[in-house]
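Next comes entry_17.txt, with compact mmCIF, C-alpha atoms and all ligand atoms.
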# COMPACT_ATOMS: atom_id res chain seq x y z
CA MET A 261 0.12 23.65 15.00
CA SER A 262 1.92 24.77 11.87
CA THR A 263 2.07 22.66 8.69
CA THR A 264 5.45 21.32 9.71
CA SER A 265 3.97 19.53 12.69
CA HIS A 266 1.10 17.84 10.84
CA ILE A 267 1.00 14.38 9.36
CA LEU A 268 0.21 15.18 5.72
CA GLY A 269 -0.99 11.73 4.72
CA LEU A 270 0.46 8.44 3.56
CA HIS A 271 3.99 8.67 2.13
CA HIS A 272 4.67 5.07 1.10
CA VAL A 273 4.16 1.48 2.10
CA THR A 274 6.91 -1.12 1.95
CA LEU A 275 6.08 -4.76 1.23
CA VAL A 276 8.19 -7.90 0.95
CA ALA A 277 8.44 -9.70 -2.40
CA GLY A 278 10.02 -13.02 -3.27
CA ASN A 279 11.10 -12.13 -6.81
CA ALA A 280 11.92 -8.67 -8.14
CA GLN A 281 11.18 -9.48 -11.79
CA ARG A 282 7.76 -10.88 -10.98
CA THR A 283 6.98 -7.81 -8.91
CA VAL A 284 8.03 -5.50 -11.77
CA ASP A 285 5.89 -7.49 -14.20
CA PHE A 286 2.87 -7.24 -11.95
CA TYR A 287 3.01 -3.68 -10.65
CA SER A 288 4.18 -2.01 -13.85
CA ARG A 289 2.68 -4.20 -16.56
CA VAL A 290 -0.57 -5.36 -14.97
CA LEU A 291 -1.33 -2.42 -12.68
CA GLY A 292 0.35 0.27 -14.76
CA LEU A 293 2.40 1.89 -12.00
CA ARG A 294 5.80 3.28 -12.86
CA LEU A 295 8.99 1.71 -11.53
CA ILE A 296 10.29 5.05 -10.32
CA LYS A 297 13.44 3.89 -8.56
CA THR A 298 15.59 0.79 -8.71
CA THR A 299 17.93 0.71 -5.76
CA VAL A 300 18.99 -1.59 -2.93
CA ASN A 301 17.91 -1.79 0.68
CA PHE A 302 20.28 0.74 2.26
CA ASP A 303 20.32 -1.36 5.46
CA ASP A 304 20.91 -4.61 3.52
CA PRO A 305 22.65 -3.60 0.25
CA GLY A 306 22.68 -7.12 -1.20
CA SER A 307 18.94 -6.96 -1.88
CA TYR A 308 16.76 -4.86 -4.14
CA HIS A 309 14.53 -2.04 -3.01
CA LEU A 310 12.06 -1.22 -5.80
CA TYR A 311 9.81 1.83 -5.77
CA PHE A 312 6.60 2.06 -7.81
CA ALA A 313 4.62 5.29 -8.07
CA ASP A 314 3.07 7.81 -10.43
CA ASP A 315 5.29 9.41 -13.10
CA VAL A 316 7.27 11.56 -10.69
CA GLY A 317 7.02 9.72 -7.37
CA ARG A 318 4.65 11.98 -5.47
CA ALA A 319 4.34 11.03 -1.79
CA GLY A 320 1.23 8.95 -1.28
CA THR A 321 1.57 7.17 -4.62
CA VAL A 322 4.65 5.18 -3.61
CA ILE A 323 4.60 1.41 -3.05
CA THR A 324 7.99 -0.15 -2.41
CA PHE A 325 9.33 -3.69 -2.15
CA PHE A 326 12.22 -5.36 -0.47
CA GLU A 327 13.18 -8.45 -2.44
CA TRP A 328 13.81 -11.34 -0.04
CA PRO A 329 14.19 -14.39 -2.33
CA ARG A 330 14.75 -16.86 0.48
CA ALA A 331 12.23 -15.55 3.00
CA PRO A 332 9.28 -17.69 4.04
CA ARG A 333 5.79 -16.57 3.19
CA GLY A 334 4.54 -13.98 5.69
CA ARG A 335 1.05 -13.82 7.11
CA THR A 336 -1.41 -11.19 8.22
CA GLY A 337 -2.17 -10.78 11.89
CA ILE A 338 -2.01 -8.41 14.83
CA GLY A 339 0.91 -6.00 14.47
CA GLY A 340 0.98 -6.30 10.68
CA THR A 341 -0.42 -4.72 7.55
CA HIS A 342 -3.65 -6.31 6.35
CA HIS A 343 -4.03 -4.72 2.92
CA VAL A 344 -3.24 -1.70 0.77
CA ALA A 345 -5.92 0.23 -1.11
CA LEU A 346 -5.33 2.25 -4.28
CA ARG A 347 -7.62 5.03 -5.53
CA VAL A 348 -9.85 5.45 -8.55
CA ALA A 349 -12.34 8.25 -9.12
CA ASP A 350 -15.49 6.24 -9.76
CA ARG A 351 -17.27 2.91 -9.87
CA ASP A 352 -16.94 2.52 -13.66
CA SER A 353 -13.16 2.56 -13.26
CA LEU A 354 -13.50 -0.10 -10.59
CA LEU A 355 -15.54 -2.31 -12.92
CA ARG A 356 -12.99 -1.79 -15.69
CA TRP A 357 -10.25 -2.96 -13.32
CA LYS A 358 -12.28 -5.99 -12.35
CA ARG A 359 -12.70 -6.91 -16.02
CA ARG A 360 -9.02 -6.35 -16.87
CA LEU A 361 -7.74 -8.33 -13.89
CA THR A 362 -10.24 -11.15 -14.31
CA ASP A 363 -9.34 -11.48 -18.00
CA LEU A 364 -5.69 -11.76 -16.96
CA GLY A 365 -6.57 -14.69 -14.72
CA LEU A 366 -6.72 -13.00 -11.32
CA ARG A 367 -9.48 -13.74 -8.86
CA VAL A 368 -11.26 -10.51 -7.99
CA ARG A 369 -13.83 -10.03 -5.20
CA GLY A 370 -16.41 -7.25 -5.22
CA PRO A 371 -17.36 -4.57 -6.06
CA TYR A 372 -18.43 -4.17 -2.44
CA ASP A 373 -20.28 -1.12 -1.20
CA ARG A 374 -18.29 -0.09 1.89
CA GLN A 375 -20.66 2.80 2.56
CA TYR A 376 -17.85 5.41 2.37
CA PHE A 377 -16.37 4.02 -0.87
CA THR A 378 -16.78 1.02 -3.17
CA SER A 379 -14.01 -1.57 -3.51
CA ILE A 380 -12.66 -4.59 -5.30
CA TYR A 381 -10.01 -6.95 -3.85
CA PHE A 382 -7.37 -9.23 -5.32
CA ARG A 383 -3.86 -10.39 -4.51
CA ASP A 384 -0.45 -9.68 -5.94
CA PRO A 385 1.79 -12.63 -6.91
CA ASP A 386 3.21 -12.87 -3.37
CA GLY A 387 -0.23 -12.84 -1.80
CA VAL A 388 -0.44 -9.19 -0.71
CA ILE A 389 -4.12 -8.23 -0.48
CA LEU A 390 -4.71 -5.24 -2.75
CA GLU A 391 -7.87 -3.18 -2.89
CA ILE A 392 -8.98 -0.55 -5.38
CA ALA A 393 -11.40 1.94 -3.81
CA THR A 394 -13.45 4.83 -5.16
CA ASP A 395 -12.98 8.32 -3.77
CA GLY A 396 -16.67 8.79 -3.08
CA PRO A 397 -18.94 9.25 -1.31
CA GLY A 398 -16.18 9.84 1.24
CA MET A 399 -15.55 9.13 4.91
CA LEU A 400 -17.39 12.21 6.14
CA PHE A 401 -20.61 12.10 4.13
CA ASN A 402 -22.62 11.17 7.21
CA GLU A 403 -20.78 12.94 10.01
CA GLN A 404 -18.54 15.86 10.85
CA ALA A 405 -14.77 15.77 10.91
CA GLY A 406 -13.34 15.00 14.31
CA ILE A 407 -16.72 14.23 15.90
CA THR A 408 -17.23 10.57 15.16
CA MET A 409 -19.21 7.87 16.91
CA GLN A 410 -19.13 4.08 16.76
CA ARG A 411 -21.41 3.14 13.88
CA THR A 412 -23.13 -0.08 12.90
CA PRO A 413 -23.07 -0.50 9.10
CA PRO A 414 -26.28 -1.32 7.20
CA ALA A 415 -26.92 -5.07 7.39
CA GLU A 416 -27.28 -5.38 3.61
CA LEU A 417 -23.64 -4.32 3.18
CA MET A 418 -22.24 -6.80 5.69
CA ARG A 419 -21.08 -10.35 5.16
CA GLY A 420 -24.14 -12.55 5.44
CA GLY A 421 -26.50 -9.72 4.48
CA ARG A 422 -25.32 -8.88 0.98
CA ASP A 423 -26.04 -10.66 -2.29
CA GLU A 424 -22.67 -12.29 -3.01
CA ALA A 425 -23.92 -14.09 -6.12
CA LEU A 426 -25.12 -10.84 -7.67
CA ILE A 427 -21.92 -8.98 -6.72
CA ALA A 428 -19.80 -11.70 -8.34
CA THR A 429 -21.53 -11.10 -11.68
CA LEU A 430 -20.89 -7.35 -11.77
CA THR A 431 -18.14 -6.39 -14.21
CA TRP A 432 -17.37 -4.18 -17.23
CA PRO A 433 -19.13 -5.43 -20.39
CA GLU A 434 -16.08 -5.08 -22.70
CA PRO A 435 -12.50 -6.37 -22.41
CA VAL A 436 -10.13 -3.68 -21.06
CA SER A 437 -6.79 -4.14 -22.77
CA GLN A 438 -5.46 -0.65 -22.07
CA ILE A 439 -5.27 1.29 -18.82
CA ASP A 440 -6.84 4.59 -19.82
CA PRO A 441 -6.07 7.79 -17.88
CA VAL A 442 -9.39 7.69 -16.02
CA MET A 443 -8.75 4.26 -14.50
CA ALA A 444 -4.99 4.79 -13.97
CA LEU A 445 -3.82 3.97 -10.45
CA THR A 446 -1.42 6.89 -10.41
CA ARG A 447 -3.76 8.74 -8.05
CA GLY A 448 -1.97 6.77 -5.36
CA MET A 449 -3.10 5.08 -2.20
CA HIS A 450 -6.60 5.46 -0.83
CA HIS A 451 -5.87 3.90 2.56
CA LEU A 452 -3.75 1.33 4.26
CA THR A 453 -5.22 -1.13 6.75
CA ALA A 454 -3.32 -2.74 9.62
CA MET A 455 -4.40 -4.96 12.52
CA THR A 456 -4.51 -4.25 16.23
CA ALA A 457 -5.46 -6.00 19.44
CA ASN A 458 -6.79 -2.76 20.93
CA VAL A 459 -8.11 -0.01 18.72
CA GLU A 460 -8.29 2.53 21.57
CA ARG A 461 -4.59 2.07 22.22
CA THR A 462 -3.97 2.63 18.49
CA ASP A 463 -6.03 5.82 18.78
CA GLU A 464 -3.77 7.04 21.58
CA PHE A 465 -0.82 6.58 19.25
CA LEU A 466 -2.21 7.96 15.97
CA ARG A 467 -4.37 10.73 17.41
CA GLY A 468 -2.78 11.32 20.81
CA VAL A 469 0.88 11.24 19.78
CA LEU A 470 0.90 11.84 16.02
CA GLY A 471 -2.03 14.25 15.97
CA MET A 472 -4.01 12.51 13.22
CA THR A 473 -7.80 12.92 13.15
CA LEU A 474 -10.06 9.98 13.99
CA VAL A 475 -12.38 10.09 10.97
CA LYS A 476 -14.44 6.91 11.25
CA GLN A 477 -15.44 4.32 13.84
CA THR A 478 -17.25 1.54 12.11
CA GLU A 479 -17.22 -2.25 11.92
CA ASN A 480 -15.36 -4.67 9.70
CA PHE A 481 -17.99 -5.23 6.99
CA ASP A 482 -16.62 -8.76 6.49
CA ASP A 483 -16.51 -9.60 10.19
CA PRO A 484 -19.61 -8.11 11.82
CA GLY A 485 -19.23 -7.07 15.44
CA THR A 486 -15.50 -6.25 15.27
CA ARG A 487 -14.32 -2.67 15.22
CA HIS A 488 -12.69 -0.92 12.26
CA TRP A 489 -11.45 2.62 12.86
CA SER A 490 -9.82 5.08 10.46
CA TRP A 491 -7.57 8.09 10.94
CA GLY A 492 -6.42 10.70 8.47
CA SER A 493 -6.31 14.37 7.64
CA PRO A 494 -9.08 16.53 9.17
CA ASP A 495 -10.95 16.40 5.83
CA ALA A 496 -10.48 12.60 5.60
CA ARG A 497 -8.89 12.90 2.19
CA PRO A 498 -8.29 9.60 0.38
CA GLY A 499 -4.52 9.17 0.49
CA SER A 500 -4.33 10.35 4.09
CA LEU A 501 -6.13 7.38 5.58
CA VAL A 502 -4.83 4.67 7.87
CA SER A 503 -7.31 2.18 9.29
CA TYR A 504 -7.03 -0.65 11.78
CA LEU A 505 -9.06 -3.82 12.14
CA GLU A 506 -9.40 -4.90 15.76
CA ARG A 507 -8.96 -8.57 16.63
CA PRO A 508 -9.00 -10.31 20.01
CA PRO A 509 -5.55 -10.16 21.66
CA THR A 510 -5.44 -13.96 21.71
CA GLU A 511 -5.42 -14.09 17.90
CA ARG A 512 -2.30 -14.77 15.88
CA ARG A 513 0.27 -12.09 15.33
CA SER A 514 1.51 -11.17 11.88
CA GLN A 515 4.62 -12.85 10.61
CA MET A 516 7.13 -10.97 8.50
CA GLY A 517 7.83 -12.56 5.15
CA THR A 518 6.89 -12.40 1.48
CA GLY A 519 3.43 -11.07 0.77
CA GLN A 520 3.45 -9.04 3.96
CA GLY A 521 3.92 -5.39 4.78
CA HIS A 522 7.27 -4.45 6.27
CA HIS A 523 6.23 -0.96 7.38
CA TYR A 524 4.15 2.01 6.35
CA ALA A 525 5.32 5.59 6.15
CA LEU A 526 3.44 8.79 6.91
CA ALA A 527 4.44 12.05 5.26
CA VAL A 528 5.78 15.06 7.13
CA ALA A 529 6.50 18.38 5.42
CA ASP A 530 10.19 18.79 6.17
CA GLU A 531 13.09 17.96 8.45
CA ALA A 532 12.08 20.54 11.06
CA GLY A 533 8.66 18.93 11.35
CA GLN A 534 10.24 15.51 11.52
CA LEU A 535 12.35 16.57 14.51
CA LEU A 536 9.24 17.90 16.25
CA PHE A 537 7.59 14.52 15.78
CA ARG A 538 10.73 12.78 17.00
CA ASP A 539 10.59 14.79 20.23
CA ARG A 540 6.90 14.08 20.59
CA LEU A 541 7.47 10.32 20.22
CA LEU A 542 10.31 10.40 22.75
CA ASP A 543 8.19 12.45 25.18
CA ALA A 544 5.50 9.75 24.89
CA GLY A 545 8.10 7.22 25.99
CA LEU A 546 8.31 5.51 22.59
CA HIS A 547 11.39 4.18 20.88
CA VAL A 548 12.34 6.13 17.77
CA SER A 549 15.31 5.83 15.46
CA PRO A 550 17.77 8.60 14.66
CA VAL A 551 17.07 10.50 11.43
CA MET A 552 18.13 8.26 8.53
CA ASP A 553 19.18 9.62 5.14
CA ARG A 554 17.20 7.74 2.48
CA VAL A 555 18.50 10.05 -0.29
CA TYR A 556 14.98 10.62 -1.66
CA PHE A 557 13.63 11.56 1.78
CA LYS A 558 14.69 11.56 5.43
CA SER A 559 13.16 9.01 7.76
CA ILE A 560 12.57 8.18 11.39
CA TYR A 561 11.11 4.89 12.55
CA THR A 562 8.95 3.97 15.50
CA LYS A 563 6.37 1.28 16.25
CA ASP A 564 2.64 1.39 16.83
CA PRO A 565 1.38 -0.15 20.11
CA ASP A 566 1.07 -3.57 18.42
CA GLY A 567 4.66 -3.51 17.19
CA HIS A 568 3.99 -2.53 13.55
CA ILE A 569 6.88 -0.43 12.19
CA VAL A 570 5.74 3.09 11.35
CA GLU A 571 8.02 5.50 9.52
CA LEU A 572 7.72 9.27 9.28
CA ALA A 573 9.27 10.43 6.00
CA THR A 574 9.84 13.91 4.63
CA ASN A 575 8.13 14.89 1.40
CA GLY A 576 11.41 15.99 -0.17
CA PRO A 577 13.79 16.02 -1.84
CA GLY A 578 11.99 13.37 -3.90
CA PHE A 579 12.82 10.75 -6.48
CA LEU A 580 14.10 13.07 -9.19
CA ILE A 581 17.07 14.19 -7.07
CA ASP A 582 19.49 11.79 -8.80
CA GLU A 583 17.95 11.12 -12.24
CA PRO A 584 15.53 12.90 -14.59
CA ALA A 585 11.83 12.09 -14.81
CA SER A 586 12.25 10.71 -18.33
CA THR A 587 14.58 7.88 -17.28
CA THR A 588 14.11 7.51 -13.53
CA GLY A 589 13.95 3.88 -12.47
CA SER A 590 15.71 2.56 -15.56
CA THR A 591 19.11 1.86 -13.99
CA LEU A 592 20.33 0.72 -10.59
CA ARG A 593 20.85 3.76 -8.38
CA LEU A 594 23.02 3.58 -5.28
CA PRO A 595 23.47 6.14 -2.53
CA PRO A 596 26.90 7.85 -2.56
CA TRP A 597 28.18 5.73 0.33
CA LEU A 598 27.48 2.48 -1.55
CA GLU A 599 28.87 3.51 -4.97
CA GLU A 600 32.28 2.05 -4.17
CA HIS A 601 30.59 -1.35 -3.75
CA ARG A 602 28.63 -1.13 -7.01
CA GLU A 603 30.45 -4.02 -8.66
CA GLN A 604 29.77 -6.45 -5.81
CA ILE A 605 26.17 -5.29 -5.50
CA GLU A 606 25.48 -5.66 -9.22
CA ALA A 607 26.99 -9.14 -9.13
CA HIS A 608 24.72 -10.05 -6.24
CA VAL A 609 21.31 -8.94 -7.55
CA GLU A 610 19.67 -10.43 -10.64
CA GLU A 611 19.23 -8.09 -13.54
CA ILE A 612 15.68 -6.89 -14.07
CA ASP A 613 14.02 -6.58 -17.48
CA ARG A 614 12.16 -3.29 -17.27
CA ALA A 615 11.32 -2.91 -20.96
CA PRO A 616 7.63 -2.50 -21.72
CA TRP A 617 5.96 -5.62 -22.99
CA PRO A 618 4.80 -5.39 -26.58
CA TYR A 619 1.16 -5.70 -25.59
CA ASP A 620 1.09 -3.64 -22.41
CA GLY A 621 0.85 -6.74 -20.27
CA PHE A 622 -2.25 -7.92 -22.07
CA ASP A 623 -2.63 -10.23 -25.01
CA GLY A 624 -6.25 -11.22 -25.33
CA ASP A 625 -6.44 -14.97 -25.04
CA ARG A 626 -2.82 -15.42 -24.05
CA GLY A 627 -2.92 -12.92 -21.18
CA MET A 628 0.32 -12.64 -19.28
CA LEU A 629 1.53 -16.11 -19.94
CA SER A 630 3.63 -15.89 -23.04
CA HIS A 631 6.21 -13.13 -22.79
CA SER A 632 9.89 -14.04 -22.49
CA GLY A 633 8.88 -17.36 -21.05
CA ARG A 634 7.82 -15.70 -17.83
CA SER A 635 4.53 -16.49 -16.23
CA LEU A 636 2.61 -14.56 -13.66
CA PRO A 637 1.65 -16.80 -10.75
CA ILE A 638 -1.78 -15.94 -9.46
CA PRO A 639 -2.49 -16.79 -5.80
CA GLU A 640 -5.47 -19.00 -5.15
CA THR A 641 -7.07 -17.80 -1.95
CA ILE A 642 -8.65 -14.47 -1.17
CA GLU A 643 -9.42 -13.68 2.47
CA GLY A 644 -12.07 -11.29 3.62
CA SER A 645 -11.00 -7.69 3.98
CA SER A 646 -12.50 -4.27 4.15
FE FE A 701 10.12 3.15 4.23
FE FE A 702 -9.64 -1.40 2.82
With the file now loaded, output its structure as C-alpha cells.
Amino acid sequence: MSTTSHILGLHHVTLVAGNAQRTVDFYSRVLGLRLIKTTVNFDDPGSYHLYFADDVGRAGTVITFFEWPRAPRGRTGIGGTHHVALRVADRDSLLRWKRRLTDLGLRVRGPYDRQYFTSIYFRDPDGVILEIATDGPGMLFNEQAGITMQRTPPAELMRGGRDEALIATLTWPEPVSQIDPVMALTRGMHHLTAMTANVERTDEFLRGVLGMTLVKQTENFDDPGTRHWSWGSPDARPGSLVSYLERPPTERRSQMGTGQGHHYALAVADEAGQLLFRDRLLDAGLHVSPVMDRVYFKSIYTKDPDGHIVELATNGPGFLIDEPASTTGSTLRLPPWLEEHREQIEAHVEEIDRAPWPYDGFDGDRGMLSHSGRSLPIPETIEGSS
C-alpha cells in the first residue's frame, strides 16, 4: 500500500460541551491548549464548533467541541468514547500536571503504571474523562509489531493489586503555576479509548477494513478479566492509537450528550487516499457519507460495528487556510457558504471571551474562581478508566 492508503494516526476527536465559554476557560487556560479555530457546526450553524490544538493545528493535536447548551448529560457505554488521552514525554511532567490540577481544585487519579505508559486521570467541566499519558516505555517494549498475543497484566498494576493509598500521595513537591514547554500538552493525543461489545468485531473493522495494526491485546487494568485492545501505526506511535474496552453486550449503550464524545477522526494523507478508503468501506458493505468539505480538511463518515461515528479526515489544507497563525482562533470564522448568514449566526451564539487571564489560569490560593466572576465547575465523580 502507498502512503495515501494508510491511516496515519488520530486526526481529531469531537466532544459535546454545554457551555462554550467554560470549555475555552478549561482547555486554553487550565490545560494550555490553543483555541485554534472558532467556527460553527457546519451541519447545525446555530451552534459553536471550537477547535483546540497546538499552535498551528497539526493533525493529532486537535480536540473539538460542539456546544449544545440544552442537551442532557451524555454517558459512557458501548458504542461511545470512554476517554481521551493526551501525551507528555515523561513521568515528571505527569506529576507536575497532577500538582497543577489538584491545586486548581480538580480531583486527579494516579499516576498509574499502565505497563506501556504511566497515566493520570481527571474530568473536564462537562465530565469528559481526560487522561495524560507518558510516551514511554511504549506499546511494543515487550513484543513485536503486528504479532501480538492476549496478555495478562502484572497483578500489582491491576485494581485490587496496587497500592492506591501510596499512589494517591504521589505528586510534584512544588506548586506549578506555569505550564512550561516540557509539560505542554501540545504534543497532542496519545490515544483515544472507546467501548465495544465485541473486540474481535472491532478488529475486523479497524484492521480488516481500515488496515490499522493491532498493537496490543491486554486487559482493562481497572476491570480485571475484561479485554482491552489497541490499534495504531505499525510502530505503535503515541498519537496513532485507538483502543477499545470490551464490555458484555447486555451492558448499557453510550448516550450522546454533554461530556460525551460525538465522534473520532483518523487522519488520511489526501483526498485520493480518502476515496480509496471510501471504496474499501463500501466494498465491506458499510455505510459511508459522501466527501464533506470541512474547509480545514475533507471528511467522510462511517460507523464502527458498535455504532460509534468514525470520521476519516485529510491532513490538509489545515487550519491556517483562512487566517494567519498569529491570530487564528481569535474571531468567528464561517465557511464561504455561511458568510451571508453571519449576522443571524452572530446574534444566535454567545460571544466568547478569549483574552488570556492575567494569571495564566492560576492564582495561588484563589485558583480559577475569581476572574470575571466566572467559576470553573469541577465534576465530583471519577470512574475507573485505563
Ligand atoms: Fe470531525
Ligand atoms: Fe487510556
message = My list of candidates is A:Thr336, A:Asn279, A:Thr412, A:Ser353. Which is closest to Val442 (chain A) when distances are computed with all atoms listed in the file?
response =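 With all atoms listed in the file as the atom set, the closest residue is A:Ser353.
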message = Considering all atoms listed in the file, can you say which of A:Val273, A:Val459, A:Leu535, A:Ala525 comes closest to Pro565 (chain A)?
response =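 Among the listed residues, A:Val459 lies closest to Pro565 (chain A).
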query = Within 9 Å of ligand FE 701 (chain A), counting all atoms listed in the file, which protein or nucleic acid residues do you find, written as a list in words?
reply = His271, His272, Val273, Thr274, Thr324, His522, His523, Tyr524, Ala525, Arg554, Ser559, Tyr561, Val570, Glu571, Leu572 and Ala573 of chain A
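Residue nearest ligand FE 702 (chain A) within the list A:Thr394, A:Thr431, A:Gln375, A:Ser503: A:Ser503 [criterion: smallest interatomic distance, all atoms listed in the file].
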message = Around ligand FE 702 (chain A), out to 12 Å and counting all atoms listed in the file, which residues are there? I want them as a ChimeraX atom specification.
response = /A:341-347,372-382,389-394,449-455,479-482,488-490,498-499,501-505,644-646
inquiry  = Under the rule that all atoms listed in the file are counted, which of A:Glu606, A:Glu416, A:Glu434, A:Asp463 is the nearest residue to Thr362 (chain A)?
reply    = A:Glu434
ask   = Which residues come within 9 Å of Thr473 (chain A), counting all atoms listed in the file, excluding same-chain residues fewer than 6 positions away, as a PyMOL selection string?
value = chain A and resi 405-406+466-467+490-496
Output for the residues just chosen: C-alpha atoms as a PDB file, in the coordinates of the input:
ATOM      1  CA  ALA A 405     -14.770  15.770  10.910  1.00  0.00           C
ATOM      2  CA  GLY A 406     -13.340  15.000  14.310  1.00  0.00           C
ATOM      3  CA  LEU A 466      -2.210   7.960  15.970  1.00  0.00           C
ATOM      4  CA  ARG A 467      -4.370  10.730  17.410  1.00  0.00           C
ATOM      5  CA  SER A 490      -9.820   5.080  10.460  1.00  0.00           C
ATOM      6  CA  TRP A 491      -7.570   8.090  10.940  1.00  0.00           C
ATOM      7  CA  GLY A 492      -6.420  10.700   8.470  1.00  0.00           C
ATOM      8  CA  SER A 493      -6.310  14.370   7.640  1.00  0.00           C
ATOM      9  CA  PRO A 494      -9.080  16.530   9.170  1.00  0.00           C
ATOM     10  CA  ASP A 495     -10.950  16.400   5.830  1.00  0.00           C
ATOM     11  CA  ALA A 496     -10.480  12.600   5.600  1.00  0.00           C
TER      12      ALA A 496
END
request  = Up to 10 Å from (9.9, 0.5, -14.1) in the file's coordinates: name the residues, counting all atoms listed in the file, as a PyMOL selection string.
outcome  = chain A and resi 284-285+287-289+292-298+310-313+587-591+612-616
query = Can you list, as a VMD selection string, every protein, DNA or RNA residue that comes within 9 Å of Ile267 (chain A) when you count all atoms listed in the file, leaving out same-chain residues fewer than 4 positions away?
reply = chain A and resid 263 470 to 472 492 to 493 500 526 to 529 572
Using the selection just defined, write its residues with C-alpha atoms as a compact mmCIF listing (two decimals), in the coordinates of the input.
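Listed below is the output, again03.txt:
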# COMPACT_ATOMS: atom_id res chain seq x y z
CA THR A 263 2.07 22.66 8.69
CA LEU A 470 0.90 11.84 16.02
CA GLY A 471 -2.03 14.25 15.97
CA MET A 472 -4.01 12.51 13.22
CA GLY A 492 -6.42 10.70 8.47
CA SER A 493 -6.31 14.37 7.64
CA SER A 500 -4.33 10.35 4.09
CA LEU A 526 3.44 8.79 6.91
CA ALA A 527 4.44 12.05 5.26
CA VAL A 528 5.78 15.06 7.13
CA ALA A 529 6.50 18.38 5.42
CA LEU A 572 7.72 9.27 9.28
Please rebuild region 438-450 of chain A with N, CA, C and O atoms and return the result as a CSV table (one decimal), in the coordinates of the input.
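The file below, result-v2.csv, is the result:
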chain,number,residue,atom,x,y,z
A,438,GLN,N,-6.3,-1.8,-22.4
A,438,GLN,CA,-5.5,-0.6,-22.1
A,438,GLN,C,-5.9,0.0,-20.8
A,438,GLN,O,-7.1,0.1,-20.5
A,439,ILE,N,-4.9,0.5,-20.0
A,439,ILE,CA,-5.3,1.3,-18.8
A,439,ILE,C,-5.4,2.7,-19.3
A,439,ILE,O,-4.4,3.4,-19.5
A,440,ASP,N,-6.7,3.2,-19.4
A,440,ASP,CA,-6.8,4.6,-19.8
A,440,ASP,C,-6.6,5.6,-18.6
A,440,ASP,O,-6.6,5.1,-17.5
A,441,PRO,N,-6.4,6.8,-18.9
A,441,PRO,CA,-6.1,7.8,-17.9
A,441,PRO,C,-7.1,7.9,-16.8
A,441,PRO,O,-6.7,8.1,-15.6
A,442,VAL,N,-8.4,7.6,-17.1
A,442,VAL,CA,-9.4,7.7,-16.0
A,442,VAL,C,-9.2,6.6,-15.0
A,442,VAL,O,-9.4,6.8,-13.8
A,443,MET,N,-8.9,5.4,-15.4
A,443,MET,CA,-8.8,4.3,-14.5
A,443,MET,C,-7.3,4.1,-13.9
A,443,MET,O,-7.1,3.3,-13.1
A,444,ALA,N,-6.4,4.9,-14.4
A,444,ALA,CA,-5.0,4.8,-14.0
A,444,ALA,C,-4.9,4.9,-12.4
A,444,ALA,O,-5.6,5.6,-11.8
A,445,LEU,N,-4.0,4.0,-11.9
A,445,LEU,CA,-3.8,4.0,-10.4
A,445,LEU,C,-2.8,5.0,-9.9
A,445,LEU,O,-2.3,4.9,-8.8
A,446,THR,N,-2.4,5.9,-10.8
A,446,THR,CA,-1.4,6.9,-10.4
A,446,THR,C,-2.0,8.0,-9.4
A,446,THR,O,-1.2,8.8,-9.0
A,447,ARG,N,-3.2,7.9,-9.1
A,447,ARG,CA,-3.8,8.7,-8.0
A,447,ARG,C,-3.2,8.3,-6.7
A,447,ARG,O,-3.4,9.1,-5.7
A,448,GLY,N,-2.6,7.2,-6.6
A,448,GLY,CA,-2.0,6.8,-5.4
A,448,GLY,C,-2.8,6.0,-4.4
A,448,GLY,O,-3.9,5.4,-4.8
A,449,MET,N,-2.4,5.9,-3.2
A,449,MET,CA,-3.1,5.1,-2.2
A,449,MET,C,-4.4,5.8,-1.7
A,449,MET,O,-4.4,7.0,-1.6
A,450,HIS,N,-5.4,5.0,-1.5
A,450,HIS,CA,-6.6,5.5,-0.8
A,450,HIS,C,-6.5,5.3,0.7
A,450,HIS,O,-6.6,6.3,1.4
